[in-house]
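A.B. asks: So I've got this file, start.cif, and it contains mmCIF, C-alpha atoms:
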data_my_file
loop_
_atom_site.group_PDB
_atom_site.id
_atom_site.type_symbol
_atom_site.label_atom_id
_atom_site.label_comp_id
_atom_site.auth_asym_id
_atom_site.auth_seq_id
_atom_site.Cartn_x
_atom_site.Cartn_y
_atom_site.Cartn_z
ATOM 1 C CA MET A 1232 87.384 109.189 113.149
ATOM 2 C CA GLU A 1233 89.954 108.104 115.726
ATOM 3 C CA LEU A 1234 92.734 105.843 114.515
ATOM 4 C CA ILE A 1235 93.187 102.770 116.656
ATOM 5 C CA PRO A 1236 96.421 102.684 118.721
ATOM 6 C CA SER A 1237 98.179 100.091 116.559
ATOM 7 C CA PHE A 1238 97.824 102.407 113.538
ATOM 8 C CA CYS A 1239 99.698 105.124 115.457
ATOM 9 C CA VAL A 1240 102.892 103.051 115.570
ATOM 10 C CA ASP A 1241 105.573 103.998 113.075
ATOM 11 C CA HIS A 1242 105.817 100.737 111.140
ATOM 12 C CA THR A 1243 108.848 102.029 109.240
ATOM 13 C CA ARG A 1244 110.879 102.121 112.465
ATOM 14 C CA ILE A 1245 109.502 99.283 114.593
ATOM 15 C CA VAL A 1246 111.778 96.291 115.097
ATOM 16 C CA PRO A 1247 110.901 92.812 116.340
ATOM 17 C CA GLY A 1248 110.279 92.921 120.066
ATOM 18 C CA ILE A 1249 107.795 93.102 122.932
ATOM 19 C CA PHE A 1250 105.698 96.268 123.157
ATOM 20 C CA THR A 1251 102.716 97.604 125.067
ATOM 21 C CA SER A 1252 100.028 98.258 122.485
ATOM 22 C CA ARG A 1253 97.342 99.535 124.855
ATOM 23 C CA VAL A 1254 96.156 99.443 128.456
ATOM 24 C CA ASP A 1255 92.419 99.303 129.124
ATOM 25 C CA THR A 1256 90.190 99.300 132.166
ATOM 26 C CA LEU A 1257 87.283 96.889 131.949
ATOM 27 C CA GLY A 1258 85.129 97.439 135.008
ATOM 28 C CA ASP A 1259 87.590 97.170 137.887
ATOM 29 C CA GLN A 1260 90.084 95.085 135.887
ATOM 30 C CA ILE A 1261 93.103 96.478 134.034
ATOM 31 C CA VAL A 1262 94.085 94.544 130.911
ATOM 32 C CA THR A 1263 97.100 95.134 128.711
ATOM 33 C CA THR A 1264 97.458 94.280 125.052
ATOM 34 C CA TYR A 1265 101.023 93.507 123.999
ATOM 35 C CA ASP A 1266 102.438 93.530 120.494
ATOM 36 C CA ILE A 1267 104.813 90.579 120.133
ATOM 37 C CA ARG A 1268 106.499 91.535 116.869
ATOM 38 C CA VAL A 1269 108.345 88.594 115.295
ATOM 39 C CA THR A 1270 109.423 90.173 111.994
ATOM 40 C CA LYS A 1271 110.167 93.733 110.875
ATOM 41 C CA PRO A 1272 107.108 95.062 109.042
ATOM 42 C CA ASN A 1273 107.400 96.049 105.398
ATOM 43 C CA THR A 1274 111.068 94.984 105.366
ATOM 44 C CA GLU A 1275 111.168 91.267 106.117
ATOM 45 C CA PRO A 1276 108.629 88.806 104.764
ATOM 46 C CA CYS A 1277 105.744 88.150 107.107
ATOM 47 C CA VAL A 1278 105.545 84.863 108.997
ATOM 48 C CA GLU A 1279 104.412 82.077 106.664
ATOM 49 C CA VAL A 1280 100.687 81.472 107.260
ATOM 50 C CA ALA A 1281 100.820 77.777 108.217
ATOM 51 C CA ALA A 1282 103.769 78.412 110.560
ATOM 52 C CA MET A 1283 101.895 81.344 112.142
ATOM 53 C CA HIS A 1284 98.907 79.087 112.731
ATOM 54 C CA SER A 1285 101.116 76.436 114.343
ATOM 55 C CA LEU A 1286 102.817 79.042 116.541
ATOM 56 C CA GLU A 1287 99.382 80.258 117.610
ATOM 57 C CA HIS A 1288 98.329 76.757 118.705
ATOM 58 C CA ILE A 1289 101.617 75.892 120.425
ATOM 59 C CA ILE A 1290 102.145 79.153 122.308
ATOM 60 C CA ALA A 1291 98.487 79.466 123.328
ATOM 61 C CA THR A 1292 98.706 75.926 124.716
ATOM 62 C CA TYR A 1293 101.978 76.744 126.482
ATOM 63 C CA MET A 1294 100.620 79.913 128.087
ATOM 64 C CA ARG A 1295 97.257 78.442 129.050
ATOM 65 C CA ASN A 1296 99.125 75.688 130.910
ATOM 66 C CA HIS A 1297 101.857 77.859 132.455
ATOM 67 C CA PRO A 1298 101.452 77.694 136.250
ATOM 68 C CA ASN A 1299 102.380 81.358 136.789
ATOM 69 C CA TRP A 1300 100.566 82.887 133.816
ATOM 70 C CA LYS A 1301 97.510 80.792 132.921
ATOM 71 C CA ASP A 1302 95.214 82.815 135.186
ATOM 72 C CA GLN A 1303 96.519 86.092 133.746
ATOM 73 C CA LEU A 1304 96.080 85.154 130.083
ATOM 74 C CA ILE A 1305 93.079 86.497 128.207
ATOM 75 C CA TYR A 1306 94.160 86.069 124.586
ATOM 76 C CA TRP A 1307 97.021 84.985 122.318
ATOM 77 C CA GLY A 1308 96.579 85.302 118.560
ATOM 78 C CA PRO A 1309 98.159 86.426 115.294
ATOM 79 C CA MET A 1310 98.142 89.931 113.863
ATOM 80 C CA GLY A 1311 96.368 90.297 110.562
ATOM 81 C CA CYS A 1312 99.602 91.520 108.949
ATOM 82 C CA LEU A 1313 101.298 88.259 110.019
ATOM 83 C CA THR A 1314 104.325 90.029 111.480
ATOM 84 C CA GLY A 1315 103.568 89.042 115.061
ATOM 85 C CA PHE A 1316 101.010 88.264 117.733
ATOM 86 C CA TYR A 1317 98.786 90.051 120.192
ATOM 87 C CA LEU A 1318 98.929 88.953 123.807
ATOM 88 C CA ILE A 1319 96.306 90.214 126.250
ATOM 89 C CA LEU A 1320 97.025 89.800 129.948
ATOM 90 C CA LYS A 1321 95.262 90.890 133.108
ATOM 91 C CA GLY A 1322 97.144 93.695 134.846
ATOM 92 C CA ASP A 1323 99.604 96.283 133.625
ATOM 93 C CA ARG A 1324 103.195 95.149 133.295
ATOM 94 C CA ARG A 1325 105.994 96.728 131.327
ATOM 95 C CA PRO A 1326 107.216 94.756 128.309
ATOM 96 C CA LYS A 1327 110.476 93.873 130.103
ATOM 97 C CA GLU A 1328 108.385 92.201 132.811
ATOM 98 C CA ILE A 1329 106.989 89.672 130.338
ATOM 99 C CA TYR A 1330 110.281 89.127 128.483
ATOM 100 C CA ASP A 1331 110.965 85.808 130.260
ATOM 101 C CA LEU A 1332 107.437 84.560 129.510
ATOM 102 C CA ILE A 1333 107.756 85.370 125.812
ATOM 103 C CA LEU A 1334 111.263 83.924 125.618
ATOM 104 C CA SER A 1335 110.242 80.674 127.323
ATOM 105 C CA ALA A 1336 107.075 80.380 125.194
ATOM 106 C CA PHE A 1337 109.019 80.648 121.945
ATOM 107 C CA LYS A 1338 111.756 78.330 123.274
ATOM 108 C CA SER A 1339 109.101 75.730 124.086
ATOM 109 C CA VAL A 1340 108.169 75.415 120.406
ATOM 110 C CA ASP A 1341 111.292 73.333 119.813
ATOM 111 C CA ASN A 1342 110.006 70.659 122.245
ATOM 112 C CA TYR A 1343 106.851 69.903 120.282
ATOM 113 C CA THR A 1344 106.681 66.868 118.019
ATOM 114 C CA GLU A 1345 103.147 67.691 116.920
ATOM 115 C CA VAL A 1346 100.971 70.794 117.005
ATOM 116 C CA PRO A 1347 98.283 70.583 119.712
ATOM 117 C CA GLY A 1348 94.654 70.716 118.656
ATOM 118 C CA VAL A 1349 95.171 69.704 115.034
ATOM 119 C CA SER A 1350 92.073 67.762 114.081
ATOM 120 C CA PRO A 1351 88.850 68.652 112.298
ATOM 121 C CA VAL A 1352 87.092 68.612 115.670
ATOM 122 C CA ASN A 1353 89.544 71.006 117.382
ATOM 123 C CA CYS A 1354 90.619 73.417 114.631
ATOM 124 C CA GLY A 1355 88.796 75.364 111.940
ATOM 125 C CA ASN A 1356 91.599 74.859 109.418
ATOM 126 C CA TYR A 1357 93.410 71.791 110.721
ATOM 127 C CA LEU A 1358 95.326 71.192 107.478
ATOM 128 C CA LEU A 1359 96.975 74.634 107.607
ATOM 129 C CA HIS A 1360 99.956 73.918 109.881
ATOM 130 C CA ASN A 1361 103.717 73.752 109.481
ATOM 131 C CA LEU A 1362 105.546 72.648 112.618
ATOM 132 C CA GLU A 1363 109.035 72.716 111.096
ATOM 133 C CA MET A 1364 108.641 76.305 109.880
ATOM 134 C CA ALA A 1365 107.101 77.261 113.241
ATOM 135 C CA LYS A 1366 110.220 75.895 114.929
ATOM 136 C CA TRP A 1367 112.415 77.891 112.549
ATOM 137 C CA TYR A 1368 110.600 81.181 113.243
ATOM 138 C CA ALA A 1369 110.557 80.502 116.986
ATOM 139 C CA ALA A 1370 114.296 79.747 117.124
ATOM 140 C CA ARG A 1371 115.051 82.844 115.059
ATOM 141 C CA PHE A 1372 112.953 85.028 117.407
ATOM 142 C CA VAL A 1373 114.524 83.488 120.528
ATOM 143 C CA LYS A 1374 118.014 84.198 119.198
ATOM 144 C CA TYR A 1375 117.017 87.770 118.331
ATOM 145 C CA LEU A 1376 115.472 88.414 121.764
ATOM 146 C CA GLN A 1377 118.527 87.033 123.544
ATOM 147 C CA GLU A 1378 120.936 89.082 121.422
ATOM 148 C CA ASN A 1379 118.907 92.260 121.947
ATOM 149 C CA ALA A 1380 117.781 91.863 125.563
ATOM 150 C CA GLN A 1381 119.574 95.087 126.552
ATOM 151 C CA ASN A 1382 118.399 97.059 123.517
ATOM 152 C CA PRO A 1383 115.583 99.441 124.567
ATOM 153 C CA MET A 1384 114.253 99.500 120.986
ATOM 154 C CA ILE A 1385 112.776 96.006 121.438
ATOM 155 C CA PHE A 1386 110.592 97.305 124.295
ATOM 156 C CA GLU A 1387 109.582 100.819 123.162
ATOM 157 C CA TYR A 1388 107.087 101.513 120.400
ATOM 158 C CA PRO A 1389 108.204 104.078 117.851
ATOM 159 C CA ARG A 1390 105.106 106.309 117.645
ATOM 160 C CA SER A 1391 104.149 108.332 114.635
ATOM 161 C CA GLU A 1392 103.032 111.860 115.294
ATOM 162 C CA ARG A 1393 99.561 112.936 114.389
ATOM 163 C CA LEU A 1394 99.757 116.366 112.864
ATOM 164 C CA ILE A 1395 96.713 118.557 112.403
ATOM 165 C CA THR A 1396 96.818 121.404 109.892
ATOM 166 C CA ASP A 1397 95.312 124.817 110.551
ATOM 167 C CA ASP A 1398 92.222 123.798 108.594
ATOM 168 C CA GLY A 1399 91.734 120.632 110.695
ATOM 169 C CA ARG A 1400 93.082 118.002 108.297
ATOM 170 C CA GLU A 1401 95.024 115.157 109.891
ATOM 171 C CA PHE A 1402 98.056 113.379 108.538
ATOM 172 C CA PHE A 1403 100.919 111.345 109.900
ATOM 173 C CA ASP A 1404 104.611 112.045 109.784
ATOM 174 C CA SER A 1405 107.268 109.879 111.310
#
With the file now loaded, output its structure as structure tokens.
C.D. replies:
Amino acid sequence: MELIPSFCVDHTRIVPGIFTSRVDTLGDQIVTTYDIRVTKPNTEPCVEVAAMHSLEHIIATYMRNHPNWKDQLIYWGPMGCLTGFYLILKGDRRPKEIYDLILSAFKSVDNYTEVPGVSPVNCGNYLLHNLEMAKWYAARFVKYLQENAQNPMIFEYPRSERLITDDGREFFDS
């Protein structure tokens, strides 16, 4: 069975950053899935669940209202491992080309006084939010992105190699 692309990333070497996870063609449309990694997997604690939920609401709202990006946005949502988010956009841009979008989205979190869409009518778990922690994670990620803007490691996935033995067994080695 084929491993999905995100399982072919070396999670022992990945750092927080902006990465291309996959590029797909759907009919005549190219869509790109980006890995927006906020914490270092298996090293730092994951993003606290309520803060992750608040970041999802705030940044989705920001992007869906951004005049230059709202028509390109397909999806913004958290990774199951809670170390970052997936962003799906129309087109195929390099991670550096969306750096300013990601930076401005996370900077915008500080401007919110309440999380959008937090009511029983609008949200499936409206009590699971933490705006102050969301602001803390966002500010931390903004600072990290700004300090590492020239570091190629925040834009290039460290891939694990898929090795196949002579008898056809597969295993991974980083």
A.B. asks: Determine, using all atoms listed in the file, which residues of stretch 1252-1282 of chain A have any atom at most 12 Å from an atom of stretch 1341-1365 of chain A, and tabulate each with its shortest atom pair and distance in Å to one decimal place, rows ordered by chain and then rising number, as CSV.
C.D. replies:
residue,atom,partner,partner_atom,distance
A:Val1269,CA,A:Ala1365,CA,11.6
A:Val1278,CA,A:Ala1365,CA,8.8
A:Glu1279,CA,A:Met1364,CA,7.8
A:Val1280,CA,A:Leu1359,CA,7.8
A:Ala1281,CA,A:His1360,CA,4.3
A:Ala1282,CA,A:Ala1365,CA,4.4
A.B. asks: The PyMOL selection byres ((chain A and resi 1308) around 10) on the file shown: which residues, as a PyMOL selection string?
C.D. replies: chain A and resi 1267+1283-1284+1286-1288+1290-1291+1306-1307+1309-1311+1315-1319
A.B. asks: Which one of A:Val1246, A:Gly1322, A:Arg1253, A:Asp1259 sits closest to A:Tyr1375 if you count only C-alpha atoms?
C.D. replies: A:Val1246
A.B. asks: For A:Ala1369, find every residue with an atom within 7 Å (counting only C-alpha atoms), except residues of its own chain fewer than 5 positions away, and show them as a ChimeraX atom specification.
C.D. replies: /A:1337-1338,1340
A.B. asks: So, with all atoms listed in the file as the atoms that count, which of A:Phe1238, A:Phe1250, A:Tyr1330, A:Trp1300 lies closest to A:Thr1264?
C.D. replies: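 The closest residue to A:Thr1264 is A:Phe1250.
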A.B. asks: Rounded to one decimal, what separation in Å do you get between atom CA of A:Cys1312 and atom CA of A:Cys1239?
C.D. replies: 15.1 Å
A.B. asks: If you measure from atom CA of A:Trp1367 to atom CA of A:Pro1276, what distance in Å do you get, rounded to one decimal?
C.D. replies: 13.9 Å
A.B. asks: How far is it from atom CA of A:Asp1241 to atom CA of A:Tyr1265, in Å with one decimal?
C.D. replies: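 Between atom CA of A:Asp1241 and atom CA of A:Tyr1265 the gap works out to 15.8 Å.
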A.B. asks: Pick out the closest residue to A:Leu1376 from this set: A:Gln1260, A:Ser1252, A:Thr1270, A:Ser1285. Count all atoms listed in the file.
C.D. replies: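 For A:Leu1376, the nearest of the candidates is A:Thr1270.
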A.B. asks: Could you tell me which of A:Ala1336, A:Met1384, A:Val1254, A:Ile1245 comes closest to A:Asn1273 if we count all atoms listed in the file?
C.D. replies: A:Ile1245
A.B. asks: Name every residue that the PyMOL selection byres ((chain A and resi 1379) around 12) selects in this structure, writing the answer as a PyMOL selection string with chains first and numbers rising.
C.D. replies: chain A and resi 1246-1249+1327+1330+1334+1372-1378+1380-1386
A.B. asks: Please provide as a PyMOL selection string all residues within 7 Å of A:Asp1323, with the sequence filter that same-chain residues fewer than 6 positions apart are discarded (counting all atoms listed in the file).
C.D. replies: chain A and resi 1254+1261-1263
A.B. asks: Residues of the last selection are to be written out with C-alpha atoms, as a compact mmCIF listing (two decimals), in the frame of the given file.
C.D. replies:
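Once written, selection00.txt looks like this:
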# COMPACT_ATOMS: atom_id res chain seq x y z
CA VAL A 1254 96.16 99.44 128.46
CA ILE A 1261 93.10 96.48 134.03
CA VAL A 1262 94.08 94.54 130.91
CA THR A 1263 97.10 95.13 128.71
A.B. asks: With all atoms listed in the file as the basis for distance, which of A:Asp1266, A:Leu1320, A:Ala1370, A:Glu1275 is at the shortest distance from A:Val1240?
C.D. replies: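 Counting all atoms listed in the file, the residue closest to A:Val1240 is A:Asp1266.
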A.B. asks: Missing atoms in stretch 1311-1322 of chain A should be modelled up to all heavy atoms and reported as a JSON list (two decimals), in the frame of the given file.
C.D. replies:
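This went into out-v7.json:
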[["chain", "number", "residue", "atom", "x", "y", "z"],
["A", 1311, "GLY", "N", 96.81, 90.44, 111.94],
["A", 1311, "GLY", "CA", 96.37, 90.30, 110.56],
["A", 1311, "GLY", "C", 97.48, 90.47, 109.55],
["A", 1311, "GLY", "O", 97.47, 89.83, 108.49],
["A", 1312, "CYS", "N", 98.48, 91.29, 109.86],
["A", 1312, "CYS", "CA", 99.60, 91.52, 108.95],
["A", 1312, "CYS", "C", 100.61, 90.38, 108.98],
["A", 1312, "CYS", "O", 101.55, 90.36, 108.17],
["A", 1312, "CYS", "CB", 100.30, 92.84, 109.28],
["A", 1312, "CYS", "SG", 101.03, 92.87, 110.92],
["A", 1313, "LEU", "N", 100.45, 89.45, 109.89],
["A", 1313, "LEU", "CA", 101.30, 88.26, 110.02],
["A", 1313, "LEU", "C", 102.75, 88.59, 110.34],
["A", 1313, "LEU", "O", 103.66, 87.83, 110.01],
["A", 1313, "LEU", "CB", 101.21, 87.37, 108.77],
["A", 1313, "LEU", "CG", 99.82, 86.87, 108.41],
["A", 1313, "LEU", "CD1", 99.85, 86.10, 107.09],
["A", 1313, "LEU", "CD2", 99.24, 86.01, 109.52],
["A", 1314, "THR", "N", 102.97, 89.70, 111.03],
["A", 1314, "THR", "CA", 104.32, 90.03, 111.48],
["A", 1314, "THR", "C", 104.51, 89.76, 112.97],
["A", 1314, "THR", "O", 105.59, 89.96, 113.50],
["A", 1314, "THR", "CB", 104.68, 91.50, 111.18],
["A", 1314, "THR", "OG1", 103.80, 92.36, 111.89],
["A", 1314, "THR", "CG2", 104.63, 91.78, 109.69],
["A", 1315, "GLY", "N", 103.47, 89.31, 113.64],
["A", 1315, "GLY", "CA", 103.57, 89.04, 115.06],
["A", 1315, "GLY", "C", 102.23, 88.62, 115.65],
["A", 1315, "GLY", "O", 101.30, 88.24, 114.94],
["A", 1316, "PHE", "N", 102.17, 88.72, 116.97],
["A", 1316, "PHE", "CA", 101.01, 88.26, 117.73],
["A", 1316, "PHE", "C", 100.56, 89.35, 118.70],
["A", 1316, "PHE", "O", 101.34, 90.20, 119.11],
["A", 1316, "PHE", "CB", 101.38, 87.02, 118.56],
["A", 1316, "PHE", "CG", 101.74, 85.84, 117.73],
["A", 1316, "PHE", "CD1", 103.05, 85.65, 117.29],
["A", 1316, "PHE", "CD2", 100.78, 84.91, 117.37],
["A", 1316, "PHE", "CE1", 103.39, 84.56, 116.51],
["A", 1316, "PHE", "CE2", 101.12, 83.81, 116.59],
["A", 1316, "PHE", "CZ", 102.41, 83.63, 116.16],
["A", 1317, "TYR", "N", 99.30, 89.25, 119.08],
["A", 1317, "TYR", "CA", 98.79, 90.05, 120.19],
["A", 1317, "TYR", "C", 98.63, 89.13, 121.39],
["A", 1317, "TYR", "O", 98.14, 88.01, 121.27],
["A", 1317, "TYR", "CB", 97.44, 90.69, 119.86],
["A", 1317, "TYR", "CG", 97.57, 91.86, 118.93],
["A", 1317, "TYR", "CD1", 97.02, 91.81, 117.66],
["A", 1317, "TYR", "CD2", 98.26, 93.01, 119.31],
["A", 1317, "TYR", "CE1", 97.14, 92.88, 116.79],
["A", 1317, "TYR", "CE2", 98.39, 94.08, 118.45],
["A", 1317, "TYR", "CZ", 97.83, 94.02, 117.19],
["A", 1317, "TYR", "OH", 97.96, 95.07, 116.33],
["A", 1318, "LEU", "N", 99.07, 89.64, 122.53],
["A", 1318, "LEU", "CA", 98.93, 88.95, 123.81],
["A", 1318, "LEU", "C", 98.15, 89.89, 124.71],
["A", 1318, "LEU", "O", 98.53, 91.06, 124.85],
["A", 1318, "LEU", "CB", 100.31, 88.66, 124.40],
["A", 1318, "LEU", "CG", 100.37, 88.20, 125.86],
["A", 1318, "LEU", "CD1", 99.69, 86.85, 126.04],
["A", 1318, "LEU", "CD2", 101.81, 88.15, 126.35],
["A", 1319, "ILE", "N", 97.07, 89.41, 125.30],
["A", 1319, "ILE", "CA", 96.31, 90.21, 126.25],
["A", 1319, "ILE", "C", 96.38, 89.53, 127.60],
["A", 1319, "ILE", "O", 96.03, 88.36, 127.74],
["A", 1319, "ILE", "CB", 94.84, 90.40, 125.80],
["A", 1319, "ILE", "CG1", 94.79, 91.01, 124.40],
["A", 1319, "ILE", "CG2", 94.09, 91.28, 126.81],
["A", 1319, "ILE", "CD1", 93.39, 91.13, 123.82],
["A", 1320, "LEU", "N", 96.87, 90.30, 128.58],
["A", 1320, "LEU", "CA", 97.02, 89.80, 129.95],
["A", 1320, "LEU", "C", 96.27, 90.69, 130.92],
["A", 1320, "LEU", "O", 96.15, 91.90, 130.70],
["A", 1320, "LEU", "CB", 98.50, 89.81, 130.37],
["A", 1320, "LEU", "CG", 99.46, 88.87, 129.67],
["A", 1320, "LEU", "CD1", 100.89, 89.16, 130.11],
["A", 1320, "LEU", "CD2", 99.10, 87.42, 129.94],
["A", 1321, "LYS", "N", 95.81, 90.10, 132.01],
["A", 1321, "LYS", "CA", 95.26, 90.89, 133.11],
["A", 1321, "LYS", "C", 96.41, 91.67, 133.73],
["A", 1321, "LYS", "O", 97.53, 91.18, 133.82],
["A", 1321, "LYS", "CB", 94.63, 89.98, 134.16],
["A", 1321, "LYS", "CG", 93.43, 89.23, 133.67],
["A", 1321, "LYS", "CD", 92.93, 88.27, 134.74],
["A", 1321, "LYS", "CE", 91.82, 87.39, 134.21],
["A", 1321, "LYS", "NZ", 91.41, 86.38, 135.19],
["A", 1322, "GLY", "N", 96.13, 92.89, 134.19],
["A", 1322, "GLY", "CA", 97.14, 93.70, 134.85],
["A", 1322, "GLY", "C", 97.88, 94.59, 133.88],
["A", 1322, "GLY", "O", 97.59, 94.62, 132.68]]
